[in-house]
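A.B. asks: I have a structure I would like to understand better, so I am pasting it below and will then ask my questions one at a time.
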Amino acid sequence: MKLLVPAQGKFTDWSFEVPGIGTVKLGPVLAQNNETGVYFTGDPTLVVKLFDLDCGKEDEFSYGPYVSYMLEMANFDYLLRIDELKPFVPDFHGGQIDYERKFSWIAMEFLDGQDLKSFCQNALQTGFEGEWLEEYKRIWYEALSIVHLFHKHGIILIDFKPENVLRLKNRMVKFVDLGAWFNPKHREDIENFGYAATPDHAEVMIDASNLATGVPPTEASDLFSFGVALFEMATGTSRLTIDGHTADEILSTPEVYLFRDSQIKDVWRIYPHLKNLLPLVQSQLHERLILFADLWHLLKAYVARKVPDWETLAHEQQEQIILATGTTFIMEQLPHQLKWLAGPIAQTTILRSLRLKAARDLMQLMATPVSDQVLEDVRDHNVFVNYLKGLDQSVEFVEHLCTWDVRLNRKNGHWAIAAILAWRQFSHSAQLVFLKQTHQDEQGHKYWGVVDELEADDYGDDKATLWHLRNDHFSWLSS
């Protein structure tokens with residue numbers, strides 16, 4: 001969705017009733033495209049997403065926005081049933097179709113924050129360094145861990161884009177724009193699933209063809225989109241630049257790209273509307289800009305012609321050469337401070353047979369592990385770890401701690417674990433982990449100990465528990 005300076009929109013000043021809230025009047029546009037718009041309202045905590053259903057014909061609705069509305073409503077309905085996922089999407093306040101005025105709406109929480117595309121565009125101007133780089137790693141790791149949670153519940157995001165990930169002022173990360181998501185309920189009626197994705201961020205040819213034959217999307221689709229997003233955030237573009245000499249060399253050997261182009265034309269015949277969105281490889285070569293979805297197919301054919309005795313090489317050797325060549329090609333286009341991203345980007349966008357299999361695999365590549373000294377201290381002294389041990393629960397997660405998962409408690413010299421991380425490890429019983437705040441440091445970070453219910457701090461009408469801190473990036477469990 002294209003971000004805009006708030007301005008008047010088609011539906012500005014329109015009013016309608018939202019159950020449980022009352023009359024809502026639409027204000028300026030926060031963001032919009034040709035079919036939808038997100039509007040401010042008189043309530044600063046509420047925004048409304050409008051779907052323009054007017055197709056110019058008296059008794060008909062515009063099909064695309066209607067399908068998008070129905071899919072987003074279905075996804076909200078599905079997510080509201082899963083407590084583990086609700087913190088990572090906007091609060092939902094209802095939706096409805098206005099048949100007379102030909103629009104539909106979804107009312108949701110206004111998220112006060114910055115999307116990741118804007119977050120990284122600012123750094124493109126000033127350089128990727130210092131505290132910004134550490135925060136960048138933390139946010140992307142957090143986003144990836146949320147993707148893992150969605151996959152755990154059978155939800156595929158399909159068209160993951162950085163502008164649909166918000167970094168809030170309280171340091172939380174939330175996902176918006178639920179319209180393209182594929183949830184387990186869609187498997188029951190897969191032929192009517194309204195697939196929507198952009199060629200720059202998704203493998204449209206593979207996903208669209210699979211869905212046409214009843215094959216649902218998989219985690220591979222989201223890993224690909226995540227890899228493209230990493231590249232876009234580092235460079236400002238979602239396509240790879242190819243130098244003119246190499247492009248012309250490939251163009252002079254059509255056998256390198258003609259088969260791929262024939263596959264693209266097949267997709268055009270099935271989905272005519274993609275003809276203007278899904279360019280031929282030949283066109284990309286002329287423009288010197290290559291889609292990630294076509295990169296590895298093109299690279300495989302090109303390398304096979306350039307490497308002597310290619311056909312005599314073992315299959316594993318061929319794969320290693322393709323991966324190494326592609327990784328180098330990607331690395332050359334990344335800023336110096338972010339060249340380490342070339343490996344993760346390559347391993348998430350490469351041909352599916354060679355791709356990482358799950359979000360956790362990518363998390364390992366993106367991690368910044370804690371030192372051995374910190375790890376030892378957490379194992380031996382952390383109150384939450386000892387609490388889990390006392391319940392004979394696994395503490396294996398400690399072996400994968402990242403630098404942003406821990407914070408030094410200067411009052412006792414031991415390392416504390418992020419409350420959010422602890423909640424994810426023990427979410428099923430988080431309401432039984434009672435807590436008492438021991439102190440707060442000068443930067444506003446709070447430290448909590450695990451105690452019996454009677455000793456726990458009051459938290460509203462309840463006793464403080466780990467569940468209450470599930471969204472608090474400034475709370476830590478210490479010793």
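Labels used: A, B, ... for chains in the order of the structure tokens, numbers from 1 for residues in each chain, and numbers from 1 for ligands as shown.
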Mind the document's chain letters and residue numbers, and return as a VMD selection string the residues of stretch 101-271 of chain A that DSSP labels helix (DSSP H, G or I).

C.D. replies: chain A and resid 116 to 126 130 to 152 162 to 164 184 to 192 204 to 212 219 to 235 244 to 251 254 to 256 258 to 270

A.B. asks: For stretch 249-252 of chain A, please output as a PDB file with N, CA, C and O atoms, in the first residue's frame all residues within 10 Å (counting only C-alpha atoms; exclusion window: fewer than 4 positions along the same chain).

C.D. replies:
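Output below, filename selection-v7.pdb:
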ATOM      1  N   GLY A 244      25.121  -4.313 -18.164  1.00  0.00           N
ATOM      2  CA  GLY A 244      24.720  -4.355 -19.566  1.00  0.00           C
ATOM      3  C   GLY A 244      25.437  -5.421 -20.370  1.00  0.00           C
ATOM      4  O   GLY A 244      24.831  -6.080 -21.232  1.00  0.00           O
ATOM      5  N   HIS A 245      26.729  -5.615 -20.120  1.00  0.00           N
ATOM      6  CA  HIS A 245      27.497  -6.596 -20.894  1.00  0.00           C
ATOM      7  C   HIS A 245      26.944  -8.004 -20.681  1.00  0.00           C
ATOM      8  O   HIS A 245      26.728  -8.747 -21.652  1.00  0.00           O
ATOM      9  N   VAL A 256      19.060 -19.650 -23.157  1.00  0.00           N
ATOM     10  CA  VAL A 256      19.225 -19.493 -21.715  1.00  0.00           C
ATOM     11  C   VAL A 256      17.912 -19.081 -21.054  1.00  0.00           C
ATOM     12  O   VAL A 256      17.632 -19.469 -19.910  1.00  0.00           O
ATOM     13  N   TYR A 257      17.096 -18.305 -21.751  1.00  0.00           N
ATOM     14  CA  TYR A 257      15.893 -17.762 -21.118  1.00  0.00           C
ATOM     15  C   TYR A 257      14.581 -18.101 -21.819  1.00  0.00           C
ATOM     16  O   TYR A 257      13.498 -17.850 -21.262  1.00  0.00           O
ATOM     17  N   LEU A 258      14.618 -18.688 -22.993  1.00  0.00           N
ATOM     18  CA  LEU A 258      13.388 -18.928 -23.738  1.00  0.00           C
ATOM     19  C   LEU A 258      12.432 -19.893 -23.031  1.00  0.00           C
ATOM     20  O   LEU A 258      11.211 -19.712 -23.073  1.00  0.00           O
ATOM     21  N   VAL A 281      11.465 -12.672 -19.040  1.00  0.00           N
ATOM     22  CA  VAL A 281      12.880 -12.524 -18.699  1.00  0.00           C
ATOM     23  C   VAL A 281      13.578 -11.669 -19.754  1.00  0.00           C
ATOM     24  O   VAL A 281      14.450 -10.852 -19.445  1.00  0.00           O
ATOM     25  N   GLN A 282      13.187 -11.837 -20.987  1.00  0.00           N
ATOM     26  CA  GLN A 282      13.779 -11.032 -22.061  1.00  0.00           C
ATOM     27  C   GLN A 282      13.590  -9.543 -21.793  1.00  0.00           C
ATOM     28  O   GLN A 282      14.517  -8.741 -21.958  1.00  0.00           O
ATOM     29  N   SER A 283      12.398  -9.170 -21.340  1.00  0.00           N
ATOM     30  CA  SER A 283      12.136  -7.761 -21.028  1.00  0.00           C
ATOM     31  C   SER A 283      12.975  -7.309 -19.840  1.00  0.00           C
ATOM     32  O   SER A 283      13.499  -6.183 -19.823  1.00  0.00           O
ATOM     33  N   LEU A 285      15.872  -8.411 -18.971  1.00  0.00           N
ATOM     34  CA  LEU A 285      17.263  -8.262 -19.418  1.00  0.00           C
ATOM     35  C   LEU A 285      17.455  -6.942 -20.152  1.00  0.00           C
ATOM     36  O   LEU A 285      18.481  -6.268 -19.985  1.00  0.00           O
ATOM     37  N   HIS A 286      16.508  -6.559 -20.958  1.00  0.00           N
ATOM     38  CA  HIS A 286      16.592  -5.275 -21.652  1.00  0.00           C
ATOM     39  C   HIS A 286      16.567  -4.116 -20.663  1.00  0.00           C
ATOM     40  O   HIS A 286      17.252  -3.107 -20.857  1.00  0.00           O
ATOM     41  N   LEU A 298      17.371 -18.309 -14.331  1.00  0.00           N
ATOM     42  CA  LEU A 298      18.258 -17.710 -15.329  1.00  0.00           C
ATOM     43  C   LEU A 298      19.712 -18.048 -15.016  1.00  0.00           C
ATOM     44  O   LEU A 298      20.484 -18.423 -15.908  1.00  0.00           O
ATOM     45  N   ALA A 301      20.718 -21.724 -15.871  1.00  0.00           N
ATOM     46  CA  ALA A 301      20.941 -21.939 -17.310  1.00  0.00           C
ATOM     47  C   ALA A 301      22.219 -21.250 -17.777  1.00  0.00           C
ATOM     48  O   ALA A 301      22.972 -21.794 -18.604  1.00  0.00           O
ATOM     49  N   TYR A 302      22.512 -20.071 -17.233  1.00  0.00           N
ATOM     50  CA  TYR A 302      23.702 -19.322 -17.637  1.00  0.00           C
ATOM     51  C   TYR A 302      24.974 -20.018 -17.172  1.00  0.00           C
ATOM     52  O   TYR A 302      25.933 -20.181 -17.950  1.00  0.00           O
TER      53      TYR A 302
END

A.B. asks: Mind checking which residues fall within 12 Å of A:Phe76, counting only C-alpha atoms, ignoring those fewer than 5 positions away in the same chain, and posting them as a PyMOL selection string?

C.D. replies: chain A and resi 69-71+81-82+85-86+88-95+106-108+155+176-183

A.B. asks: Neighbouring residues of stretch 34-47 of chain A were defined as those with any atom within 12 Å, considering only C-alpha atoms; residues of the same chain fewer than 6 positions away were excluded. Please report them as a VMD selection string.

C.D. replies: chain A and resid 1 to 16 18 21 to 28 53 to 55 61 to 69 90 to 95 103 to 112 176 to 177 179

A.B. asks: Please provide the set of residues having any atom within 8 Å of A:Ile290, restricted to only C-alpha atoms, with same-chain residues fewer than 2 positions apart removed, written as a short mmCIF file (atom, residue, chain, number, x, y, z; two decimals) with N, CA and C atoms, in the first residue's frame.

C.D. replies:
data_model
loop_
_atom_site.label_atom_id
_atom_site.label_comp_id
_atom_site.auth_asym_id
_atom_site.auth_seq_id
_atom_site.Cartn_x
_atom_site.Cartn_y
_atom_site.Cartn_z
N ARG A 239 14.40 -5.47 -7.03
CA ARG A 239 14.94 -6.18 -8.19
C ARG A 239 16.47 -6.04 -8.24
N LEU A 240 17.10 -7.03 -8.81
CA LEU A 240 18.56 -7.05 -8.91
C LEU A 240 19.01 -6.38 -10.20
N THR A 241 20.09 -5.65 -10.08
CA THR A 241 20.67 -5.00 -11.25
C THR A 241 21.65 -5.94 -11.94
N ILE A 242 21.56 -6.03 -13.24
CA ILE A 242 22.51 -6.84 -14.01
C ILE A 242 23.24 -5.91 -14.98
N VAL A 281 11.47 -12.67 -19.04
CA VAL A 281 12.88 -12.52 -18.70
C VAL A 281 13.58 -11.67 -19.75
N GLN A 284 13.12 -8.16 -18.86
CA GLN A 284 13.92 -7.82 -17.68
C GLN A 284 15.38 -7.60 -18.07
N LEU A 285 15.87 -8.41 -18.97
CA LEU A 285 17.26 -8.26 -19.42
C LEU A 285 17.45 -6.94 -20.15
N ARG A 288 17.64 -4.36 -17.63
CA ARG A 288 18.78 -4.55 -16.71
C ARG A 288 18.32 -4.73 -15.26
N PHE A 292 13.67 -11.54 -8.48
CA PHE A 292 14.22 -12.67 -7.74
C PHE A 292 13.57 -13.98 -8.16
N ASP A 294 12.88 -14.97 -10.98
CA ASP A 294 13.48 -15.48 -12.22
C ASP A 294 14.99 -15.61 -12.13
N LEU A 295 15.59 -15.00 -11.11
CA LEU A 295 17.06 -14.97 -11.00
C LEU A 295 17.68 -16.35 -11.07
#

A.B. asks: Would you please work out which residue, of A:Asn471, A:Gln443, A:Gln347, A:Asn75, is nearest to A:Leu230 when using only C-alpha atoms?

C.D. replies: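 The shortest atom-to-atom distance to A:Leu230 comes from A:Gln347.
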
A.B. asks: Please list as a ChimeraX atom specification every residue within 8 Å of A:Asp115, counting only C-alpha atoms and excluding residues in the same chain fewer than 6 positions away.

C.D. replies: /A:162-167

A.B. asks: Identify, with DSSP run on backbone atoms, the residues in stretch 25-273 of chain A assigned to strand (DSSP E or B), and express the list as an MDAnalysis selection string.

C.D. replies: chainID A and resid 25:32 36:41 46:52 54 61 92:98 103:109 113:115 156 165:168 173:175 182 240:241

A.B. asks: Put those residues in a file: C-alpha atoms, as a tab-separated table (two decimals), in the first residue's frame.

C.D. replies:
chain	number	residue	atom	x	y	z
A	25	LYS	CA	-16.80	9.63	10.63
A	26	LEU	CA	-13.95	9.17	8.19
A	27	GLY	CA	-11.14	11.70	8.15
A	28	PRO	CA	-8.10	12.11	5.89
A	29	VAL	CA	-6.43	9.20	4.09
A	30	LEU	CA	-3.50	7.54	5.83
A	31	ALA	CA	-2.64	5.24	2.91
A	32	GLN	CA	-4.30	4.12	-0.30
A	36	THR	CA	-8.53	0.35	-0.95
A	37	GLY	CA	-7.75	3.15	1.45
A	38	VAL	CA	-7.00	3.42	5.17
A	39	TYR	CA	-8.70	6.42	6.77
A	40	PHE	CA	-8.20	8.25	10.01
A	41	THR	CA	-11.32	8.75	12.12
A	46	LEU	CA	-9.19	3.83	15.37
A	47	VAL	CA	-8.65	3.63	11.61
A	48	VAL	CA	-10.96	2.22	8.95
A	49	LYS	CA	-9.93	0.33	5.84
A	50	LEU	CA	-12.29	1.05	2.95
A	51	PHE	CA	-12.76	-1.23	-0.06
A	52	ASP	CA	-14.19	0.61	-3.07
A	54	ASP	CA	-18.06	0.61	-7.28
A	61	PHE	CA	-19.63	-4.89	-7.43
A	92	PHE	CA	-10.30	-5.80	15.15
A	93	HIS	CA	-13.52	-3.79	15.66
A	94	GLY	CA	-15.74	-5.24	12.95
A	95	GLY	CA	-16.49	-4.97	9.27
A	96	GLN	CA	-19.46	-4.72	6.95
A	97	ILE	CA	-20.61	-4.15	3.36
A	98	ASP	CA	-22.62	-1.05	2.53
A	103	PHE	CA	-18.14	0.05	-0.30
A	104	SER	CA	-17.09	-2.27	2.51
A	105	TRP	CA	-15.14	-1.41	5.63
A	106	ILE	CA	-13.02	-2.93	8.35
A	107	ALA	CA	-12.48	-0.97	11.57
A	108	MET	CA	-9.25	-1.68	13.40
A	109	GLU	CA	-6.72	-0.35	15.87
A	113	GLY	CA	4.70	3.37	14.54
A	114	GLN	CA	6.84	3.17	11.43
A	115	ASP	CA	6.77	0.55	8.71
A	156	ILE	CA	0.96	-18.65	5.05
A	165	VAL	CA	5.38	-4.72	9.05
A	166	LEU	CA	5.13	-1.96	11.65
A	167	ARG	CA	7.62	-1.15	14.39
A	168	LEU	CA	5.64	0.53	17.16
A	173	VAL	CA	6.34	-5.51	15.84
A	174	LYS	CA	2.94	-6.04	14.21
A	175	PHE	CA	1.76	-7.21	10.81
A	182	PHE	CA	-3.84	-18.32	3.40
A	240	LEU	CA	18.56	-7.05	-8.91
A	241	THR	CA	20.67	-5.00	-11.25

A.B. asks: Closest to A:His273 among A:Trp140, A:Leu351, A:Ala196, A:Asn386, using only C-alpha atoms?

C.D. replies: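 So, comparing all the options, the nearest one is A:Ala196.
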